[in-house]
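This is model_3.cif. It holds mmCIF, C-alpha atoms.
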data_final
#
loop_
_atom_site.label_atom_id
_atom_site.label_comp_id
_atom_site.auth_asym_id
_atom_site.auth_seq_id
_atom_site.Cartn_x
_atom_site.Cartn_y
_atom_site.Cartn_z
CA MET E 22 107.60 -39.17 -41.44
CA GLN E 23 110.01 -41.70 -40.10
CA PRO E 24 109.15 -43.86 -37.14
CA SER E 25 111.17 -43.04 -34.04
CA ALA E 26 113.86 -45.47 -33.15
CA GLY E 27 113.75 -47.07 -29.73
CA PRO E 28 111.25 -46.91 -26.90
CA ALA E 29 109.39 -43.66 -26.00
CA LEU E 30 111.15 -41.50 -23.47
CA PRO E 31 109.49 -41.31 -20.04
CA HIS E 32 109.01 -37.52 -20.06
CA THR E 33 107.10 -37.53 -23.30
CA ARG E 34 104.12 -39.29 -21.78
CA ALA E 35 102.24 -37.40 -19.14
CA ARG E 36 100.74 -39.52 -16.43
CA SER E 37 98.56 -38.41 -13.57
CA VAL E 38 101.34 -39.17 -11.05
CA HIS E 39 103.55 -36.69 -12.87
CA TRP E 40 100.93 -33.89 -12.66
CA ILE E 41 100.13 -34.59 -9.01
CA THR E 42 103.82 -34.47 -8.09
CA THR E 43 104.31 -31.20 -10.00
CA ALA E 44 101.28 -29.62 -8.30
CA ALA E 45 102.52 -30.71 -4.85
CA VAL E 46 105.98 -29.20 -5.45
CA ILE E 47 104.50 -25.87 -6.63
CA ALA E 48 102.16 -25.75 -3.62
CA ALA E 49 105.10 -26.40 -1.28
CA VAL E 50 107.15 -23.58 -2.83
CA ILE E 51 104.25 -21.09 -2.60
CA GLY E 52 103.47 -22.12 0.97
CA SER E 53 107.06 -21.73 2.15
CA ALA E 54 107.34 -18.31 0.45
CA ALA E 55 104.28 -17.15 2.39
CA LEU E 56 105.85 -18.21 5.69
CA VAL E 57 109.27 -16.66 5.09
CA GLN E 58 109.20 -12.84 5.40
CA PRO E 59 111.87 -10.18 5.51
CA ALA E 60 112.85 -8.73 8.88
CA GLY E 61 110.34 -6.17 10.17
CA ALA E 62 107.51 -7.41 7.97
CA SER E 63 104.07 -7.71 9.49
CA THR E 64 101.59 -10.52 9.10
CA GLY E 65 98.69 -8.13 9.49
CA ARG E 66 97.86 -9.68 12.87
CA PRO E 67 99.07 -8.17 16.13
CA ALA E 68 101.69 -10.19 17.93
CA ALA E 69 100.71 -11.60 21.29
CA ASP E 70 103.23 -9.45 23.12
CA ALA E 71 102.69 -6.26 21.08
CA LYS E 72 101.59 -3.17 23.00
CA ALA E 73 98.15 -1.77 22.31
CA ALA E 74 98.22 0.86 19.61
CA GLU E 75 98.47 4.37 21.01
CA PRO E 76 95.58 6.68 20.16
CA ALA E 77 96.19 9.32 17.53
CA PRO E 78 97.02 12.72 19.02
CA ALA E 79 94.04 15.05 19.33
CA ALA E 80 93.85 17.95 16.92
CA VAL E 81 95.44 21.07 18.34
CA ALA E 82 92.94 23.88 18.83
CA PRO E 83 93.84 27.18 17.19
CA PRO E 84 94.67 30.13 19.47
CA ASP E 85 91.60 32.00 20.72
CA PRO E 86 92.04 35.72 19.97
CA ASP E 87 89.48 36.58 22.65
CA ALA E 88 92.04 35.37 25.22
CA ALA E 89 94.96 37.34 23.74
CA HIS E 90 96.36 40.67 24.90
CA PHE E 91 96.62 43.10 21.96
CA PRO E 92 98.96 46.13 22.12
CA LEU E 93 96.14 48.64 21.63
CA GLU E 94 95.75 51.89 23.57
CA CYS E 95 91.99 52.02 24.03
CA ALA E 96 91.72 54.53 26.93
CA GLY E 97 89.72 52.08 29.01
CA ALA E 98 87.48 50.85 26.19
CA PRO E 99 87.38 47.11 25.50
CA VAL E 100 89.15 45.50 22.55
CA ASP E 101 86.97 44.07 19.78
CA VAL E 102 88.15 41.12 17.69
CA VAL E 103 86.24 41.85 14.49
CA ASP E 104 87.52 39.00 12.29
CA ARG E 105 89.63 35.85 12.58
CA ALA E 106 90.91 32.91 10.53
CA SER E 107 93.06 29.92 11.52
CA ALA E 108 95.47 27.53 9.78
CA ASP E 109 98.99 26.13 10.19
CA LEU E 110 100.79 28.99 8.46
CA ASP E 111 104.39 28.10 9.31
CA GLY E 112 104.16 24.31 8.88
CA ASP E 113 105.04 23.42 12.49
CA GLY E 114 101.98 21.20 12.96
CA ARG E 115 100.15 23.72 15.18
CA PRO E 116 97.60 26.21 13.84
CA GLU E 117 98.03 29.94 14.11
CA THR E 118 95.14 32.43 14.24
CA VAL E 119 95.14 35.67 12.28
CA ALA E 120 92.98 38.28 14.00
CA VAL E 121 91.73 41.76 13.21
CA ALA E 122 91.47 43.71 16.49
CA ARG E 123 90.56 47.31 17.33
CA CYS E 124 89.35 49.44 20.19
CA HIS E 125 85.61 49.35 20.75
CA SER E 126 83.73 52.40 19.51
CA GLU E 127 80.04 53.23 19.16
CA THR E 128 80.75 55.53 16.21
CA GLY E 129 83.25 55.71 13.38
CA THR E 130 85.74 53.08 12.30
CA PRO E 131 88.69 52.96 14.68
CA PRO E 132 91.95 51.75 13.15
CA SER E 133 92.53 48.02 13.33
CA GLY E 134 95.60 45.88 13.65
CA LEU E 135 96.18 42.58 11.88
CA TYR E 136 97.98 40.08 14.11
CA VAL E 137 99.22 36.49 13.93
CA LEU E 138 98.70 34.56 17.18
CA SER E 139 100.35 31.37 18.32
CA ALA E 140 99.48 29.20 21.31
CA ASP E 141 102.09 27.99 23.74
CA PRO E 142 102.00 24.18 23.87
CA ALA E 143 101.59 24.40 27.66
CA ALA E 144 97.95 23.88 28.56
CA GLY E 145 96.19 27.00 29.71
CA ALA E 146 98.72 29.48 28.32
CA ASP E 147 97.27 32.60 26.70
CA PRO E 148 97.85 33.07 22.98
CA ARG E 149 100.72 35.39 22.14
CA ILE E 150 101.27 37.70 19.20
CA VAL E 151 104.09 36.36 17.03
CA GLU E 152 103.73 38.87 14.19
CA THR E 153 102.00 42.19 13.55
CA LEU E 154 101.09 42.23 9.88
CA VAL E 155 99.53 45.71 9.97
CA ASP E 156 99.97 48.09 12.90
CA PRO E 157 96.93 50.15 13.96
CA LYS E 158 99.13 53.27 13.68
CA GLU E 159 98.79 52.86 9.91
CA GLN E 160 95.11 53.88 10.25
CA ARG E 161 93.73 50.91 8.32
CA SER E 162 90.71 48.63 8.53
CA PHE E 163 90.05 45.28 6.87
CA LYS E 164 87.44 43.23 5.11
CA GLY E 165 87.40 39.75 3.62
CA LEU E 166 90.04 38.18 5.89
CA ARG E 167 90.72 34.58 4.81
CA ILE E 168 93.46 32.00 4.58
CA ASP E 169 94.18 30.13 1.35
CA GLY E 170 96.44 27.20 2.19
CA ARG E 171 99.21 28.97 4.13
CA THR E 172 98.64 32.45 2.67
CA VAL E 173 96.75 35.16 4.57
CA ARG E 174 94.58 37.40 2.36
CA ALA E 175 92.55 40.51 3.14
CA THR E 176 91.33 43.73 1.59
CA VAL E 177 92.94 46.67 3.38
CA LEU E 178 90.92 49.89 3.57
CA GLY E 179 92.54 53.29 4.01
CA TYR E 180 92.27 57.01 3.46
CA SER E 181 93.66 59.16 0.68
CA THR E 182 94.09 62.22 2.96
CA ASP E 183 93.66 63.22 6.59
CA ASP E 184 90.53 65.14 5.54
CA VAL E 185 88.59 61.95 4.72
CA PRO E 186 86.25 61.14 7.63
CA ARG E 187 87.43 58.13 9.65
CA CYS E 188 84.04 56.49 9.18
CA CYS E 189 84.43 56.23 5.44
CA PRO E 190 87.69 54.86 4.00
CA ASP E 191 88.08 55.85 0.35
CA GLN E 192 90.91 53.53 -0.73
CA GLN E 193 91.26 49.77 -0.84
CA ARG E 194 93.91 47.29 -1.86
CA ASP E 195 94.09 43.50 -1.67
CA TYR E 196 97.08 42.14 0.24
CA SER E 197 98.61 38.72 0.79
CA TRP E 198 101.07 37.64 3.46
CA GLU E 199 103.11 34.49 2.91
CA TRP E 200 105.36 32.68 5.38
CA ARG E 201 108.85 32.39 3.86
CA SER E 202 112.20 31.72 5.50
CA GLY E 203 110.94 32.41 9.00
CA THR E 204 108.95 35.59 8.38
CA TYR E 205 105.79 36.87 6.70
CA TYR E 206 106.22 38.61 3.36
CA GLU E 207 103.65 41.23 2.42
CA ILE E 208 102.48 41.16 -1.19
CA PRO E 209 100.30 44.16 -2.15
CA GLY E 210 97.85 43.97 -5.01
CA PRO E 211 96.98 46.89 -7.27
CA LEU E 212 95.45 49.96 -5.63
CA ALA E 213 91.73 50.15 -6.34
CA ASN E 214 90.22 53.51 -7.31
CA GLY E 215 87.84 53.62 -4.38
CA VAL E 216 85.86 51.60 -1.90
#

This structure in structure tokens:
Amino acid sequence: MQPSAGPALPHTRARSVHWITTAAVIAAVIGSAALVQPAGASTGRPAADAKAAEPAPAAVAPPDPDAAHFPLECAGAPVDVVDRASADLDGDGRPETVAVARCHSETGTPPSGLYVLSADPAAGADPRIVETLVDPKEQRSFKGLRIDGRTVRATVLGYSTDDVPRCCPDQQRDYSWEWRSGTYYEIPGPLANGV
């Protein structure tokens, strides 16, 4: 190894002054980067003149089917809401209620209708029917009404002939109704052999 010619260069010997100066420069760069922020950035602390945060909007209550008027001809008998389920079916941010309603009867199984109810945003407005999924004229009844996500599901009970007593439906089929392109699409399942 040959000896180096000439005196040692200043940057080859680290002195404490060199390290202190380097640390001070790095700290200054980091500190100034923390103070400079892009437009619209937040420091995480409210500004002195910022308005108080507005409270989150209250959850919208689903329509109450007991307050709705159903298009049933009950000859003076009251209307019974025998099942209900609620969810935001059409994605507008407000829940709808799906209700099974029929005329009250002490005997037999009167035909039921399956309705979708919506509530008018105006406070105190009665729920209104926005869709009839199954009309009572079809002589059907229902069991197992539920909503999966935005799909309405129920088992629809019916009669194979007019001779079958109205108390005892002898046919059943699972149905789904899905909201698509502004309307509800009915999707029937396979027909079961009997109830």

Suppose a student applies the PyMOL selection byres ((chain E and resi 84) around 9) to this structure; what residues should they get, written as a PyMOL selection string? chain E and resi 82-83+85-89+107+116-118+138-141+147-149

Hey, what's within 10 Å of region 165-175 of chain E if we count all atoms listed in the file and toss same-chain stuff fewer than 3 positions away? As an NGL selection string, please? :E and (104-112 or 118-121 or 135 or 137 or 154 or 162 or 178 or 194-200 or 205-209)

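The interatomic distance for the pair CA of Asp113 (chain E) and CA of Arg201 (chain E) works out to 13.0 Å.
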
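You can rank E:Gln193, E:Thr176, E:Ser202, E:Ser181 by their closest distance to Phe163 (chain E) using only C-alpha atoms, and at the top of that list sits E:Thr176.
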
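Put simply, CA of Pro132 (chain E) is 13.9 Å away from CA of Thr153 (chain E).
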
Distance in Å - CA of His125 (chain E) versus CA of Leu212 (chain E): 28.2 Å

Point out the residue among E:Pro211, E:Gly114, E:Pro190, E:Pro92 with the least atom-to-atom distance to Tyr136 (chain E), counting all atoms listed in the file. E:Pro92

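Here the question is which of E:Leu93, E:Val81, E:Ala98, E:Gly129 gets nearest to Cys188 (chain E) using only C-alpha atoms, and that residue is E:Gly129.
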
Residue nearest His90 (chain E) among E:Ala146, E:Arg115, E:Lys164, E:Ser126 (counting only C-alpha atoms): E:Ala146

Could you expand the PyMOL selection byres ((chain E and resi 182-186) around 12) into the explicit residues it covers here, written as an MDAnalysis selection string? chainID E and resid 128:131 160 179:181 187:192

Selected residues, C-alpha atoms, written as an mmCIF file, in the frame of the given file, please.
data_model
loop_
_atom_site.group_PDB
_atom_site.id
_atom_site.type_symbol
_atom_site.label_atom_id
_atom_site.label_comp_id
_atom_site.auth_asym_id
_atom_site.auth_seq_id
_atom_site.Cartn_x
_atom_site.Cartn_y
_atom_site.Cartn_z
ATOM 1 C CA THR E 128 80.750 55.530 16.210
ATOM 2 C CA GLY E 129 83.250 55.710 13.380
ATOM 3 C CA THR E 130 85.740 53.080 12.300
ATOM 4 C CA PRO E 131 88.690 52.960 14.680
ATOM 5 C CA GLN E 160 95.110 53.880 10.250
ATOM 6 C CA GLY E 179 92.540 53.290 4.010
ATOM 7 C CA TYR E 180 92.270 57.010 3.460
ATOM 8 C CA SER E 181 93.660 59.160 0.680
ATOM 9 C CA ARG E 187 87.430 58.130 9.650
ATOM 10 C CA CYS E 188 84.040 56.490 9.180
ATOM 11 C CA CYS E 189 84.430 56.230 5.440
ATOM 12 C CA PRO E 190 87.690 54.860 4.000
ATOM 13 C CA ASP E 191 88.080 55.850 0.350
ATOM 14 C CA GLN E 192 90.910 53.530 -0.730
#
